[in-house]
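File shown: my_file_3.tsv (TSV, C-alpha atoms).
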```
chain	number	residue	atom	x	y	z
A	1	MET	CA	2.71	17.24	22.96
A	2	THR	CA	-0.58	15.87	21.64
A	3	VAL	CA	-0.24	17.72	18.32
A	4	PHE	CA	3.24	16.26	17.76
A	5	ILE	CA	2.01	12.74	18.51
A	6	ILE	CA	-0.96	13.13	16.16
A	7	LEU	CA	1.33	14.32	13.35
A	8	ALA	CA	3.73	11.42	13.96
A	9	VAL	CA	0.85	8.93	13.84
A	10	ILE	CA	-0.56	10.47	10.64
A	11	GLY	CA	2.87	10.22	8.97
A	12	LEU	CA	3.36	6.65	10.16
A	13	VAL	CA	-0.09	5.59	8.96
A	14	LEU	CA	0.58	7.11	5.53
A	15	LEU	CA	3.90	5.25	5.32
A	16	LEU	CA	2.30	1.95	6.36
A	17	ILE	CA	-0.53	2.35	3.85
A	18	SER	CA	2.05	3.13	1.17
A	19	ALA	CA	4.22	0.14	2.10
A	20	PHE	CA	1.47	-2.46	2.39
A	21	PHE	CA	-0.96	-1.33	-0.29
A	22	GLY	CA	1.25	0.50	-2.76
A	23	VAL	CA	-0.82	3.67	-2.45
A	24	PHE	CA	0.92	7.05	-2.68
A	25	GLY	CA	3.59	5.85	-5.09
A	26	ASP	CA	6.22	8.34	-6.14
A	27	ASP	CA	4.24	9.01	-9.31
A	28	ILE	CA	1.79	11.03	-7.17
A	29	GLU	CA	3.55	14.29	-6.52
A	30	ALA	CA	2.66	17.65	-5.01
A	31	ALA	CA	5.03	19.34	-7.49
A	32	PRO	CA	6.29	18.65	-11.03
A	33	GLU	CA	8.54	15.62	-11.40
A	34	VAL	CA	12.27	16.10	-11.06
A	35	GLU	CA	14.45	15.29	-14.06
A	36	GLY	CA	15.51	11.66	-13.82
A	37	GLY	CA	12.17	10.45	-12.49
A	38	GLY	CA	13.18	9.93	-8.86
A	39	PRO	CA	11.24	11.02	-5.80
A	40	HIS	CA	11.78	14.52	-4.45
A	41	PHE	CA	11.01	16.51	-1.32
A	42	LEU	CA	7.37	17.09	-2.26
A	43	SER	CA	6.46	13.47	-2.97
A	44	LEU	CA	3.76	12.16	-0.65
A	45	ARG	CA	6.10	9.55	0.80
A	46	SER	CA	8.77	12.10	1.67
A	47	ILE	CA	6.10	14.31	3.25
A	48	ALA	CA	4.95	11.29	5.30
A	49	VAL	CA	8.57	10.70	6.38
A	50	PHE	CA	8.83	14.38	7.33
A	51	LEU	CA	5.60	14.25	9.38
A	52	THR	CA	6.70	11.10	11.21
A	53	ALA	CA	10.11	12.51	12.13
A	54	PHE	CA	8.73	15.98	12.95
A	55	GLY	CA	6.04	14.60	15.23
A	56	THR	CA	8.29	12.07	16.95
A	57	VAL	CA	11.17	14.46	17.66
A	58	GLY	CA	8.76	17.24	18.62
A	59	ALA	CA	6.99	14.96	21.10
A	60	ILE	CA	10.30	13.83	22.58
A	61	ALA	CA	11.43	17.46	22.94
A	62	ARG	CA	8.15	18.40	24.67
A	63	TYR	CA	8.55	15.40	26.98
A	64	TYR	CA	11.87	16.92	28.09
A	65	ASN	CA	10.06	20.22	28.80
A	66	LEU	CA	11.39	22.23	25.86
A	67	SER	CA	9.08	25.03	24.69
A	68	ALA	CA	6.63	24.39	21.87
A	69	MET	CA	8.67	26.68	19.60
A	70	LEU	CA	11.99	24.95	20.33
A	71	SER	CA	10.33	21.53	20.01
A	72	SER	CA	8.98	22.59	16.61
A	73	VAL	CA	12.42	23.74	15.48
A	74	TRP	CA	13.93	20.38	16.48
A	75	GLY	CA	11.04	18.64	14.72
A	76	VAL	CA	11.55	20.61	11.51
A	77	LEU	CA	15.28	19.87	11.55
A	78	ALA	CA	14.70	16.16	12.13
A	79	GLY	CA	11.90	16.01	9.54
A	80	ALA	CA	13.99	17.77	6.90
A	81	ALA	CA	16.97	15.52	7.61
A	82	MET	CA	14.95	12.30	7.44
A	83	SER	CA	13.05	13.41	4.35
A	84	GLY	CA	16.35	14.33	2.70
A	85	ILE	CA	17.87	10.97	3.57
A	86	TYR	CA	14.77	9.23	2.16
A	87	VAL	CA	14.95	11.17	-1.13
A	88	LEU	CA	18.69	10.59	-1.52
A	89	ALA	CA	18.36	6.87	-0.76
A	90	MET	CA	15.45	6.37	-3.18
A	91	ASN	CA	17.25	8.27	-5.94
A	92	LEU	CA	20.32	6.11	-5.37
A	93	VAL	CA	18.22	2.95	-5.60
A	94	ARG	CA	16.44	4.21	-8.71
A	95	SER	CA	19.75	5.07	-10.40
A	96	GLN	CA	20.85	1.43	-9.97
A	97	GLU	CA	17.83	0.04	-11.80
A	98	ALA	CA	18.46	-1.65	-15.11
A	99	SER	CA	16.10	-2.79	-17.79
A	100	SER	CA	16.16	-6.42	-18.85
A	101	LEU	CA	14.04	-5.65	-21.91
A	102	ILE	CA	16.03	-6.39	-25.05
A	103	GLU	CA	15.38	-3.94	-27.87
A	104	SER	CA	16.16	-4.73	-31.51
A	105	THR	CA	18.78	-1.99	-31.57
A	106	ASP	CA	20.60	-3.69	-28.65
A	107	LEU	CA	21.38	-6.68	-30.90
A	108	ILE	CA	22.95	-4.85	-33.84
A	109	GLY	CA	26.73	-5.23	-33.87
A	110	LEU	CA	26.81	-8.08	-31.35
A	111	THR	CA	28.76	-11.26	-31.92
A	112	GLY	CA	27.00	-14.58	-31.56
A	113	ARG	CA	27.32	-18.29	-32.23
A	114	VAL	CA	25.16	-20.21	-34.70
A	115	THR	CA	23.27	-22.84	-32.67
A	116	VAL	CA	21.19	-24.16	-35.58
A	117	ALA	CA	22.86	-24.13	-39.02
A	118	ILE	CA	21.58	-21.40	-41.33
A	119	PRO	CA	20.78	-22.70	-44.83
A	120	SER	CA	21.42	-20.45	-47.83
A	121	ASP	CA	17.72	-19.78	-48.36
A	122	GLY	CA	16.27	-20.29	-44.90
A	123	LEU	CA	16.39	-19.64	-41.21
A	124	GLY	CA	18.67	-20.94	-38.50
A	125	GLU	CA	19.31	-19.86	-34.95
A	126	VAL	CA	21.93	-17.64	-33.29
A	127	SER	CA	22.63	-17.21	-29.59
A	128	CYS	CA	24.35	-14.18	-28.12
A	129	THR	CA	24.67	-12.38	-24.80
A	130	VAL	CA	22.98	-9.01	-24.41
A	131	LYS	CA	22.42	-7.12	-21.13
A	132	ALA	CA	23.98	-10.06	-19.27
A	133	GLN	CA	21.36	-12.44	-20.69
A	134	LEU	CA	21.76	-15.24	-23.17
A	135	THR	CA	19.22	-14.82	-25.95
A	136	ARG	CA	18.44	-16.98	-28.95
A	137	ARG	CA	17.06	-15.53	-32.16
A	138	LEU	CA	16.01	-16.81	-35.55
A	139	ALA	CA	18.70	-15.86	-38.04
A	140	ARG	CA	19.19	-15.43	-41.77
A	141	SER	CA	22.46	-15.05	-43.66
A	142	LYS	CA	23.09	-11.55	-45.02
A	143	THR	CA	24.95	-12.92	-48.07
A	144	ARG	CA	22.48	-15.82	-48.59
A	145	GLN	CA	25.34	-18.30	-48.04
A	146	ALA	CA	24.91	-21.27	-45.71
A	147	ILE	CA	26.49	-20.81	-42.27
A	148	PRO	CA	27.36	-23.98	-40.32
A	149	GLU	CA	26.45	-24.65	-36.70
A	150	GLY	CA	29.08	-23.33	-34.29
A	151	ALA	CA	30.21	-20.50	-36.58
A	152	ILE	CA	30.83	-17.08	-35.05
A	153	VAL	CA	28.71	-14.36	-36.64
A	154	ARG	CA	27.96	-10.66	-36.25
A	155	ILE	CA	24.38	-9.33	-36.21
A	156	THR	CA	24.09	-6.59	-38.84
A	157	GLU	CA	20.38	-5.82	-38.72
A	158	VAL	CA	17.07	-6.95	-37.30
A	159	GLN	CA	13.96	-7.58	-39.39
A	160	GLY	CA	11.03	-8.25	-37.10
A	161	ASP	CA	11.94	-11.33	-35.02
A	162	VAL	CA	14.77	-12.39	-37.36
A	163	VAL	CA	18.36	-11.20	-37.07
A	164	ILE	CA	20.46	-10.84	-40.20
A	165	VAL	CA	24.02	-12.10	-39.65
A	166	GLU	CA	27.34	-12.30	-41.44
A	167	MET	CA	30.34	-14.54	-40.83
A	168	ILE	CA	33.28	-12.96	-39.06
```

In structure tokens, write the structure found in this file.
Amino acid sequence: MTVFIILAVIGLVLLLISAFFGVFGDDIEAAPEVEGGGPHFLSLRSIAVFLTAFGTVGAIARYYNLSAMLSSVWGVLAGAAMSGIYVLAMNLVRSQEASSLIESTDLIGLTGRVTVAIPSDGLGEVSCTVKAQLTRRLARSKTRQAIPEGAIVRITEVQGDVVIVEMI
């Protein structure tokens, strides 16, 4: 029973260190990374989950006077199940992540509203919604014609921090 308890404590300590100090992130792997970037069965966290479940269930089985072999089998089954649940849950969470970083290519083709009039030879301002965020950008007319405030425009290209727009 002592071996099972020691393994459970080691797994629990590794999980607590990981949770509180950010050590053993999923970028530290015992095997090559899985396509998609999510954790897998050989990540240190999933191994810690396995050790915790294996040791806990094994100790409980020994407490109920099961043989060491049968206790180990129950521990392996519980460890594999809990590690699998951990990996599936973390991959599900990771698949729901979204980036709020707005790239220049995200703006091209979007429709926006002129918030500061664009003179024929100068800069104005356009606001549009991208990735569920309202963004404002300096804007220049593609045709070099003045565009009044409130006009609806389409972004045709991006030059540095300035979007090039045309009236719709």

Check the smallest atom-to-atom distance from each of A:Tyr64, A:Tyr86, A:Phe4, A:Phe21 to Leu51 of chain A using all atoms listed in the file, then report the winner.
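Of the candidates, the smallest distance to Leu51 of chain A is held by A:Phe4.
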
Neighbouring residues of Leu110 of chain A were defined as those with any atom within 9 Å, considering all atoms listed in the file; residues of the same chain fewer than 6 positions away were excluded. Please report them as a list in words.
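That gives Cys128, Thr129, Val130, Val153, Arg154, Ile155 and Thr156 of chain A.
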
Length of the atom CA of Val87 of chain A to atom CA of Ala61 of chain A vector [Å]
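One can read the atom CA of Val87 of chain A to atom CA of Ala61 of chain A distance as 25.1 Å.
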
Separating atom CA of Phe50 of chain A from atom CA of Ser83 of chain A, to the nearest tenth of an Å, is a gap of 5.3 Å

Skip Leu107 of chain A itself and residues of its chain fewer than 5 positions away, then list as a PyMOL selection string all residues within 12 Å of it, counting only C-alpha atoms.
chain A and resi 101-102+112+126-131+133-137+139+154-159+161-165

By how many Å are atom CA of Ala53 of chain A and atom CA of Met69 of chain A apart?
16.1 Å

Go through A:Thr56, A:Thr105, A:Ser18, A:Gln145 one by one, measure the shortest atom-to-atom distance of each to Ala117 of chain A using all atoms listed in the file, and give the residue with the smallest value.
A:Gln145

Neighbourhood query: residues within 12 Å of (15.4, 15.3, 8.9), file coordinates, counting only C-alpha atoms; return as a PyMOL selection string.
chain A and resi 41+46-58+73-88

Of the residues A:Leu123, A:Arg45, A:Val116, A:Arg94, which is the one nearest to Leu16 of chain A, using only C-alpha atoms?
A:Arg45

Please complete segment 148-163 of chain A so it has N, CA and C atoms, and hand it over as an mmCIF file, in the coordinates of the input.
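Listed below is the output, rebuild26.cif:
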```cif
data_model
loop_
_atom_site.group_PDB
_atom_site.id
_atom_site.type_symbol
_atom_site.label_atom_id
_atom_site.label_comp_id
_atom_site.auth_asym_id
_atom_site.auth_seq_id
_atom_site.Cartn_x
_atom_site.Cartn_y
_atom_site.Cartn_z
ATOM 1 N N PRO A 148 27.438 -22.743 -41.100
ATOM 2 C CA PRO A 148 27.360 -23.980 -40.320
ATOM 3 C C PRO A 148 27.133 -23.700 -38.820
ATOM 4 N N GLU A 149 26.634 -24.726 -38.147
ATOM 5 C CA GLU A 149 26.450 -24.650 -36.700
ATOM 6 C C GLU A 149 27.812 -24.448 -36.029
ATOM 7 N N GLY A 150 27.850 -23.605 -35.012
ATOM 8 C CA GLY A 150 29.080 -23.330 -34.290
ATOM 9 C C GLY A 150 29.868 -22.142 -34.823
ATOM 10 N N ALA A 151 29.486 -21.631 -35.998
ATOM 11 C CA ALA A 151 30.210 -20.500 -36.580
ATOM 12 C C ALA A 151 29.945 -19.231 -35.755
ATOM 13 N N ILE A 152 30.954 -18.372 -35.729
ATOM 14 C CA ILE A 152 30.830 -17.080 -35.050
ATOM 15 C C ILE A 152 30.368 -16.056 -36.080
ATOM 16 N N VAL A 153 29.303 -15.320 -35.715
ATOM 17 C CA VAL A 153 28.710 -14.360 -36.640
ATOM 18 C C VAL A 153 28.502 -13.017 -35.948
ATOM 19 N N ARG A 154 28.292 -11.982 -36.759
ATOM 20 C CA ARG A 154 27.960 -10.660 -36.250
ATOM 21 C C ARG A 154 26.553 -10.306 -36.746
ATOM 22 N N ILE A 155 25.744 -9.747 -35.848
ATOM 23 C CA ILE A 155 24.380 -9.330 -36.210
ATOM 24 C C ILE A 155 24.484 -7.953 -36.865
ATOM 25 N N THR A 156 23.997 -7.848 -38.110
ATOM 26 C CA THR A 156 24.090 -6.590 -38.840
ATOM 27 C C THR A 156 22.793 -5.803 -38.849
ATOM 28 N N GLU A 157 21.672 -6.508 -38.766
ATOM 29 C CA GLU A 157 20.380 -5.820 -38.720
ATOM 30 C C GLU A 157 19.319 -6.757 -38.140
ATOM 31 N N VAL A 158 18.181 -6.180 -37.839
ATOM 32 C CA VAL A 158 17.070 -6.950 -37.300
ATOM 33 C C VAL A 158 15.850 -6.656 -38.154
ATOM 34 N N GLN A 159 15.188 -7.722 -38.603
ATOM 35 C CA GLN A 159 13.960 -7.580 -39.390
ATOM 36 C C GLN A 159 12.856 -8.339 -38.652
ATOM 37 N N GLY A 160 12.070 -7.616 -37.900
ATOM 38 C CA GLY A 160 11.030 -8.250 -37.100
ATOM 39 C C GLY A 160 11.663 -9.088 -35.996
ATOM 40 N N ASP A 161 11.371 -10.416 -36.009
ATOM 41 C CA ASP A 161 11.940 -11.330 -35.020
ATOM 42 C C ASP A 161 13.196 -12.032 -35.524
ATOM 43 N N VAL A 162 13.634 -11.713 -36.736
ATOM 44 C CA VAL A 162 14.770 -12.390 -37.360
ATOM 45 C C VAL A 162 15.972 -11.451 -37.397
ATOM 46 N N VAL A 163 17.136 -11.981 -36.969
ATOM 47 C CA VAL A 163 18.360 -11.200 -37.070
ATOM 48 C C VAL A 163 19.080 -11.588 -38.361
#
```
